[in-house]
>>> print(open('protein-v2.csv').read())   # CSV, C-alpha atoms
chain,number,residue,atom,x,y,z
A,1,MET,CA,-6.9,46.8,-17.2
A,2,THR,CA,-3.9,46.2,-14.9
A,3,GLU,CA,-1.8,49.0,-13.5
A,4,THR,CA,1.1,47.9,-15.7
A,5,ALA,CA,-1.0,48.0,-18.8
A,6,TRP,CA,-2.3,51.5,-17.9
A,7,GLN,CA,1.3,52.7,-17.4
A,8,ALA,CA,2.3,51.5,-20.9
A,9,ARG,CA,-0.7,53.1,-22.5
A,10,ILE,CA,-0.2,56.4,-20.6
A,11,ALA,CA,3.6,56.4,-21.4
A,12,GLU,CA,2.8,56.1,-25.2
A,13,ASN,CA,0.1,58.7,-25.1
A,14,LEU,CA,2.3,61.0,-23.0
A,15,ARG,CA,5.1,61.0,-25.6
A,16,TRP,CA,2.5,62.0,-28.3
A,17,VAL,CA,1.1,64.8,-26.2
A,18,ARG,CA,4.5,66.2,-25.2
A,19,GLU,CA,5.6,66.1,-28.8
A,20,ARG,CA,2.7,68.3,-29.8
A,21,ILE,CA,3.2,70.7,-26.9
A,22,ALA,CA,6.9,71.0,-27.9
A,23,ALA,CA,5.9,71.7,-31.5
A,24,ALA,CA,3.4,74.4,-30.4
A,25,LEU,CA,6.0,76.0,-28.2
A,26,ASP,CA,8.5,76.0,-31.1
A,27,ARG,CA,5.9,77.7,-33.4
A,28,ALA,CA,5.3,80.3,-30.7
A,29,GLY,CA,9.1,80.9,-30.1
A,30,ARG,CA,8.8,79.8,-26.5
A,31,GLN,CA,11.1,77.6,-24.4
A,32,ALA,CA,10.6,73.9,-24.1
A,33,ASP,CA,10.0,73.9,-20.4
A,34,GLU,CA,7.3,76.6,-20.2
A,35,VAL,CA,4.2,74.4,-20.0
A,36,VAL,CA,3.0,72.3,-17.1
A,37,LEU,CA,0.9,69.3,-18.2
A,38,VAL,CA,-1.9,68.6,-15.8
A,39,ALA,CA,-3.3,65.1,-16.2
A,40,VAL,CA,-7.1,65.2,-15.7
A,41,THR,CA,-8.1,61.9,-14.0
A,42,LYS,CA,-11.7,62.6,-13.2
A,43,THR,CA,-13.8,59.4,-13.3
A,44,PHE,CA,-10.7,57.2,-13.5
A,45,PRO,CA,-9.7,55.1,-10.5
A,46,ALA,CA,-6.8,55.6,-8.1
A,47,THR,CA,-4.9,52.8,-10.0
A,48,VAL,CA,-4.8,55.1,-13.1
A,49,VAL,CA,-3.5,58.0,-11.0
A,50,ARG,CA,-0.7,55.8,-9.7
A,51,ALA,CA,0.1,54.6,-13.2
A,52,ALA,CA,0.2,58.2,-14.4
A,53,ALA,CA,2.6,59.2,-11.7
A,54,ALA,CA,4.8,56.2,-12.5
A,55,ALA,CA,4.8,57.4,-16.2
A,56,GLY,CA,6.2,60.8,-15.1
A,57,LEU,CA,3.0,62.9,-14.7
A,58,CYS,CA,3.5,65.0,-11.6
A,59,ASP,CA,0.4,67.2,-11.8
A,60,ILE,CA,-3.0,65.6,-11.3
A,61,GLY,CA,-6.2,67.5,-12.0
A,62,GLU,CA,-9.6,66.5,-10.4
A,63,ASN,CA,-13.0,68.1,-10.8
A,64,ARG,CA,-14.7,67.1,-7.6
A,65,VAL,CA,-13.6,67.3,-4.0
A,66,GLN,CA,-15.3,64.1,-3.0
A,67,GLU,CA,-13.8,62.1,-5.8
A,68,ALA,CA,-10.3,63.4,-5.1
A,69,ALA,CA,-10.7,62.7,-1.4
A,70,ALA,CA,-11.5,59.0,-2.1
A,71,LYS,CA,-8.5,58.6,-4.4
A,72,ARG,CA,-6.1,60.3,-2.1
A,73,SER,CA,-7.2,58.0,0.7
A,74,GLU,CA,-6.3,55.0,-1.6
A,75,LEU,CA,-3.0,56.6,-2.6
A,76,GLN,CA,-1.5,57.4,0.8
A,77,GLY,CA,2.2,57.3,0.4
A,78,LEU,CA,2.2,58.4,-3.2
A,79,ALA,CA,4.9,61.0,-3.4
A,80,GLY,CA,5.9,63.7,-5.9
A,81,VAL,CA,2.3,64.5,-7.0
A,82,ARG,CA,0.8,68.0,-7.0
A,83,TRP,CA,-3.0,68.0,-6.9
A,84,HIS,CA,-5.1,70.6,-8.8
A,85,LEU,CA,-8.8,71.3,-8.4
A,86,ILE,CA,-10.0,72.3,-11.8
A,87,GLY,CA,-13.8,72.0,-11.3
A,88,HIS,CA,-16.3,74.3,-9.7
A,89,LEU,CA,-15.9,74.6,-5.9
A,90,GLN,CA,-18.8,75.3,-3.5
A,91,ARG,CA,-18.0,77.4,-0.5
A,92,ASN,CA,-19.1,74.7,1.9
A,93,LYS,CA,-16.3,72.4,0.6
A,94,ALA,CA,-13.6,75.0,1.0
A,95,GLY,CA,-12.1,73.3,4.0
A,96,SER,CA,-11.8,70.0,2.3
A,97,ALA,CA,-10.3,71.6,-0.8
A,98,VAL,CA,-7.6,73.3,1.2
A,99,GLU,CA,-6.6,70.0,2.8
A,100,LEU,CA,-6.6,68.1,-0.5
A,101,PHE,CA,-5.2,70.3,-3.2
A,102,ASP,CA,-2.0,72.2,-3.8
A,103,MET,CA,-3.6,74.5,-6.3
A,104,ILE,CA,-7.2,75.5,-6.7
A,105,GLN,CA,-7.7,76.7,-10.3
A,106,SER,CA,-11.4,77.6,-10.1
A,107,VAL,CA,-11.7,80.5,-7.7
A,108,ASP,CA,-14.7,82.4,-9.2
A,109,SER,CA,-15.8,84.8,-6.5
A,110,LEU,CA,-14.5,86.9,-3.6
A,111,GLU,CA,-16.7,85.0,-1.2
A,112,LEU,CA,-15.1,81.7,-2.2
A,113,ALA,CA,-11.6,83.2,-1.9
A,114,ALA,CA,-12.4,84.5,1.6
A,115,ALA,CA,-13.7,81.1,2.6
A,116,LEU,CA,-10.5,79.4,1.3
A,117,SER,CA,-8.4,82.0,3.1
A,118,ARG,CA,-10.1,81.3,6.4
A,119,ARG,CA,-9.8,77.6,6.0
A,120,ALA,CA,-6.1,77.8,5.0
A,121,VAL,CA,-5.3,80.0,8.0
A,122,GLY,CA,-7.1,77.4,10.2
A,123,ALA,CA,-5.1,74.5,8.6
A,124,GLY,CA,-1.8,76.4,8.8
A,125,ARG,CA,-1.0,75.9,5.1
A,126,ALA,CA,-0.7,78.1,2.0
A,127,VAL,CA,-2.7,77.4,-1.1
A,128,SER,CA,-2.0,78.5,-4.6
A,129,VAL,CA,-5.1,79.8,-6.5
A,130,LEU,CA,-6.0,80.9,-10.0
A,131,LEU,CA,-8.9,83.1,-10.9
A,132,GLU,CA,-11.3,81.4,-13.2
A,133,VAL,CA,-12.5,83.7,-16.0
A,134,ASN,CA,-15.5,82.9,-18.1
A,135,VAL,CA,-14.1,84.4,-21.3
A,136,GLY,CA,-16.8,82.9,-23.5
A,137,LEU,CA,-19.6,84.3,-21.2
A,138,GLU,CA,-21.3,80.9,-21.3
A,139,ALA,CA,-24.2,80.6,-18.9
A,140,SER,CA,-23.3,77.0,-18.2
A,141,LYS,CA,-19.8,77.9,-16.9
A,142,SER,CA,-18.6,79.5,-13.7
A,143,GLY,CA,-16.0,82.3,-13.5
A,144,PHE,CA,-15.5,86.0,-13.4
A,145,PRO,CA,-16.7,87.8,-16.5
A,146,PRO,CA,-13.8,88.9,-18.8
A,147,HIS,CA,-14.0,92.6,-17.9
A,148,GLU,CA,-11.0,94.5,-16.8
A,149,GLU,CA,-12.8,96.4,-14.1
A,150,VAL,CA,-14.3,93.3,-12.6
A,151,LEU,CA,-11.0,91.5,-12.4
A,152,LEU,CA,-9.3,94.5,-10.9
A,153,ARG,CA,-11.8,94.7,-8.1
A,154,ALA,CA,-11.5,90.9,-7.5
A,155,VAL,CA,-7.7,91.1,-7.3
A,156,GLU,CA,-7.8,94.0,-4.9
A,157,GLY,CA,-10.1,91.9,-2.7
A,158,ILE,CA,-8.0,88.7,-2.9
A,159,LEU,CA,-4.4,89.9,-2.6
A,160,PRO,CA,-4.7,90.9,1.1
A,161,LEU,CA,-6.2,87.5,2.0
A,162,GLU,CA,-4.0,85.4,4.2
A,163,ARG,CA,-2.5,82.1,3.1
A,164,LEU,CA,-3.7,82.5,-0.5
A,165,LYS,CA,-1.1,82.7,-3.3
A,166,LEU,CA,-2.7,84.3,-6.3
A,167,GLU,CA,-0.7,82.9,-9.3
A,168,GLY,CA,-2.7,83.6,-12.4
A,169,LEU,CA,-5.8,83.0,-14.4
A,170,MET,CA,-7.7,80.0,-15.8
A,171,THR,CA,-10.4,79.5,-18.4
A,172,VAL,CA,-12.4,76.8,-20.0
A,173,ALA,CA,-13.0,77.6,-23.6
A,174,PRO,CA,-16.3,76.9,-25.4
A,175,MET,CA,-16.6,73.6,-27.3
A,176,ALA,CA,-15.7,74.0,-30.9
A,177,HIS,CA,-15.2,71.7,-33.9
A,178,ASN,CA,-12.2,73.7,-35.0
A,179,PRO,CA,-9.6,74.7,-32.3
A,180,GLU,CA,-9.0,77.9,-34.2
A,181,GLU,CA,-12.4,79.1,-33.2
A,182,VAL,CA,-11.3,79.4,-29.6
A,183,ARG,CA,-8.0,81.1,-30.2
A,184,PRO,CA,-9.6,84.5,-29.4
A,185,VAL,CA,-10.6,83.1,-26.0
A,186,PHE,CA,-7.0,82.2,-25.1
A,187,ARG,CA,-5.7,85.5,-26.6
A,188,ARG,CA,-8.2,87.4,-24.4
A,189,LEU,CA,-7.1,85.6,-21.2
A,190,ALA,CA,-3.5,86.4,-22.0
A,191,ALA,CA,-4.3,90.0,-22.5
A,192,LEU,CA,-6.2,90.2,-19.2
A,193,ARG,CA,-3.2,88.7,-17.4
A,194,ALA,CA,-0.9,91.3,-19.0
A,195,ILE,CA,-3.2,94.1,-17.6
A,196,LEU,CA,-3.2,92.5,-14.1
A,197,GLN,CA,0.6,92.0,-14.2
A,198,GLU,CA,1.1,95.7,-14.9
A,199,ARG,CA,-1.4,96.9,-12.3
A,200,TYR,CA,-0.4,94.4,-9.5
A,201,PRO,CA,3.2,93.4,-9.9
A,202,GLU,CA,3.3,92.2,-6.3
A,203,ALA,CA,1.6,89.0,-7.4
A,204,PRO,CA,3.6,86.5,-9.5
A,205,TRP,CA,1.0,86.0,-12.3
A,206,GLY,CA,3.0,83.0,-13.4
A,207,HIS,CA,0.2,80.9,-14.8
A,208,LEU,CA,-2.3,80.9,-17.6
A,209,SER,CA,-4.2,77.6,-17.3
A,210,MET,CA,-6.0,77.1,-20.6
A,211,GLY,CA,-6.4,74.4,-23.2
A,212,MET,CA,-7.7,70.8,-23.0
A,213,THR,CA,-7.4,67.8,-25.2
A,214,ASP,CA,-9.1,69.3,-28.2
A,215,ASP,CA,-7.4,72.7,-28.2
A,216,TYR,CA,-4.2,72.6,-26.0
A,217,GLU,CA,-1.9,73.2,-29.0
A,218,VAL,CA,-3.6,76.5,-29.8
A,219,ALA,CA,-3.6,77.4,-26.2
A,220,VAL,CA,0.1,76.9,-26.0
A,221,GLU,CA,0.6,79.0,-29.0
A,222,GLU,CA,-1.3,81.8,-27.2
A,223,GLY,CA,0.8,81.6,-24.0
A,224,ALA,CA,-0.6,78.8,-21.9
A,225,THR,CA,1.6,77.8,-19.0
A,226,MET,CA,-0.7,75.0,-18.0
A,227,VAL,CA,-2.8,72.7,-20.1
A,228,ARG,CA,-5.4,70.3,-18.6
A,229,VAL,CA,-5.4,67.1,-20.6
A,230,GLY,CA,-7.4,63.9,-19.9
A,231,ARG,CA,-8.8,62.1,-22.9
A,232,ALA,CA,-5.5,62.3,-25.0
A,233,LEU,CA,-3.7,60.6,-22.1
A,234,PHE,CA,-6.2,58.1,-20.8
A,235,GLY,CA,-8.8,57.6,-23.5
A,236,GLN,CA,-12.5,58.1,-23.3
A,237,ARG,CA,-13.9,58.4,-19.8
A,238,THR,CA,-16.4,55.8,-18.6
A,239,ARG,CA,-17.6,55.1,-15.1
A,240,GLU,CA,-16.8,51.4,-15.5
A,241,GLN,CA,-13.0,51.8,-15.9
>>> encode(input="protein-v2.csv", output="structure tokens")
Amino acid sequence: MTETAWQARIAENLRWVRERIAAALDRAGRQADEVVLVAVTKTFPATVVRAAAAAGLCDIGENRVQEAAAKRSELQGLAGVRWHLIGHLQRNKAGSAVELFDMIQSVDSLELAAALSRRAVGAGRAVSVLLEVNVGLEASKSGFPPHEEVLLRAVEGILPLERLKLEGLMTVAPMAHNPEEVRPVFRRLAALRAILQERYPEAPWGHLSMGMTDDYEVAVEEGATMVRVGRALFGQRTREQ
């Protein structure tokens, strides 16, 4: 598919997604501009990222450092895009992540946060981070357990770290046939953020990154400020695209 064709497809899908986000915000009594749409482009080529940016998607989410590095190399000169790492990050790739991403949404340990801080200091740049919380306690997923005392200790360890800007929480909900099944997951993350906001007002706590293609409307109703959407914008992922 040509870049022009991709742009047309994305623009059409984007209208559909934004309409549903707006409807969910209205149901929740929230303002129209309270949600950032992160377009998840994993497995799609750099051409699709360029088309997404042309269609008005300013926030791009990638799962892997190596894949993002290859795309950014192809997209030198592409302006106005904020890059988000939304997948698990190994500590030995912290340096590359600091260079590539504007926000790292998947900080899941104090050790990783410390490594990111060291690398950010060395690079002379600040990096926004979210704490990933494994609200569903799934063995297959990374993240801090959803326990108040664990998160309080984590925040106390992370706030003093140089060059890291702690901006909120992120979670990946369990897969479910009915989005209503994961509403308690989103509600729990919002409750945890409220606790942290009260205890540590010096951090902005501006973001709750939760909700993907199958459940982003429920996430918005429960307070999401970022939703991470791929399939609804770009179609089914395949390695051949």
>>> closest_atom_pairs(input="protein-v2.csv", of="stretch 83-194 of chain A", to="stretch 26-46 of chain A", cutoff="12 Å", atoms="all atoms listed in the file", output="CSV")
residue,atom,partner,partner_atom,distance
A:Trp83,CA,A:Val38,CA,9.0
A:His84,CA,A:Val38,CA,8.0
A:Leu85,CA,A:Val40,CA,9.7
A:Ile86,CA,A:Val40,CA,8.6
A:Gly87,CA,A:Lys42,CA,9.8
A:Met103,CA,A:Val38,CA,11.3
A:Gln105,CA,A:Val38,CA,11.4
>>> residues_around(input="protein-v2.csv", residues="A:Glu148", least_positions_apart="4", cutoff="8 Å", atoms="all atoms listed in the file", output="NGL selection string")
:A and (152 or 192 or 195)
>>> atom_distance(input="protein-v2.csv", atom1="atom CA of A:Pro146", atom2="atom CA of A:Arg91")
22.0 Å
>>> atom_distance(input="protein-v2.csv", atom1="atom CA of A:Lys71", atom2="atom CA of A:Gly56")
18.3 Å
>>> atom_distance(input="protein-v2.csv", atom1="atom CA of A:Glu198", atom2="atom CA of A:Gly61")
29.3 Å
>>> closest_residue(input="protein-v2.csv", among="A:Glu67, A:Gly77, A:Val133, A:Ile21", to="A:Met212", atoms="all atoms listed in the file")
A:Ile21
>>> closest_residue(input="protein-v2.csv", among="A:Ala51, A:Ala219, A:Ala11, A:Ala23", to="A:Arg188", atoms="only C-alpha atoms")
A:Ala219
>>> residues_near_point(input="protein-v2.csv", point="(-15.5, 90.0, -5.2)", cutoff="6 Å", atoms="only C-alpha atoms", output="list in words")
Ser109, Leu110 and Ala154 of chain A
>>> closest_residue(input="protein-v2.csv", among="A:Asn63, A:Ala97, A:Ala54, A:Asp215", to="A:Ala79", atoms="only C-alpha atoms")
A:Ala54
>>> closest_residue(input="protein-v2.csv", among="A:Gln66, A:Asn92, A:Ser209, A:Gln7", to="A:Glu132", atoms="all atoms listed in the file")
A:Ser209
>>> closest_residue(input="protein-v2.csv", among="A:Thr2, A:Thr213, A:Ser117, A:Gln197", to="A:Glu167", atoms="only C-alpha atoms")
A:Gln197
>>> closest_residue(input="protein-v2.csv", among="A:Lys165, A:Arg237, A:Arg119, A:His147", to="A:Arg193", atoms="only C-alpha atoms")
A:His147
>>> residues_around(input="protein-v2.csv", residues="A:Asn13", least_positions_apart="4", cutoff="8 Å", atoms="only C-alpha atoms", output="list of chain:residue names")
A:Arg9, A:Val17, A:Ala232, A:Leu233, A:Phe234
>>> residues_around(input="protein-v2.csv", residues="A:Ala94", least_positions_apart="2", cutoff="12 Å", atoms="all atoms listed in the file", output="PyMOL selection string")
chain A and resi 64-66+85+88-92+96-101+104+106-107+111-123+127
>>> write_last_selection(input="protein-v2.csv", atoms="C-alpha atoms", output="CSV table (one decimal), in the frame of the given file")
chain,number,residue,atom,x,y,z
A,64,ARG,CA,-14.7,67.1,-7.6
A,65,VAL,CA,-13.6,67.3,-4.0
A,66,GLN,CA,-15.3,64.1,-3.0
A,85,LEU,CA,-8.8,71.3,-8.4
A,88,HIS,CA,-16.3,74.3,-9.7
A,89,LEU,CA,-15.9,74.6,-5.9
A,90,GLN,CA,-18.8,75.3,-3.5
A,91,ARG,CA,-18.0,77.4,-0.5
A,92,ASN,CA,-19.1,74.7,1.9
A,96,SER,CA,-11.8,70.0,2.3
A,97,ALA,CA,-10.3,71.6,-0.8
A,98,VAL,CA,-7.6,73.3,1.2
A,99,GLU,CA,-6.6,70.0,2.8
A,100,LEU,CA,-6.6,68.1,-0.5
A,101,PHE,CA,-5.2,70.3,-3.2
A,104,ILE,CA,-7.2,75.5,-6.7
A,106,SER,CA,-11.4,77.6,-10.1
A,107,VAL,CA,-11.7,80.5,-7.7
A,111,GLU,CA,-16.7,85.0,-1.2
A,112,LEU,CA,-15.1,81.7,-2.2
A,113,ALA,CA,-11.6,83.2,-1.9
A,114,ALA,CA,-12.4,84.5,1.6
A,115,ALA,CA,-13.7,81.1,2.6
A,116,LEU,CA,-10.5,79.4,1.3
A,117,SER,CA,-8.4,82.0,3.1
A,118,ARG,CA,-10.1,81.3,6.4
A,119,ARG,CA,-9.8,77.6,6.0
A,120,ALA,CA,-6.1,77.8,5.0
A,121,VAL,CA,-5.3,80.0,8.0
A,122,GLY,CA,-7.1,77.4,10.2
A,123,ALA,CA,-5.1,74.5,8.6
A,127,VAL,CA,-2.7,77.4,-1.1
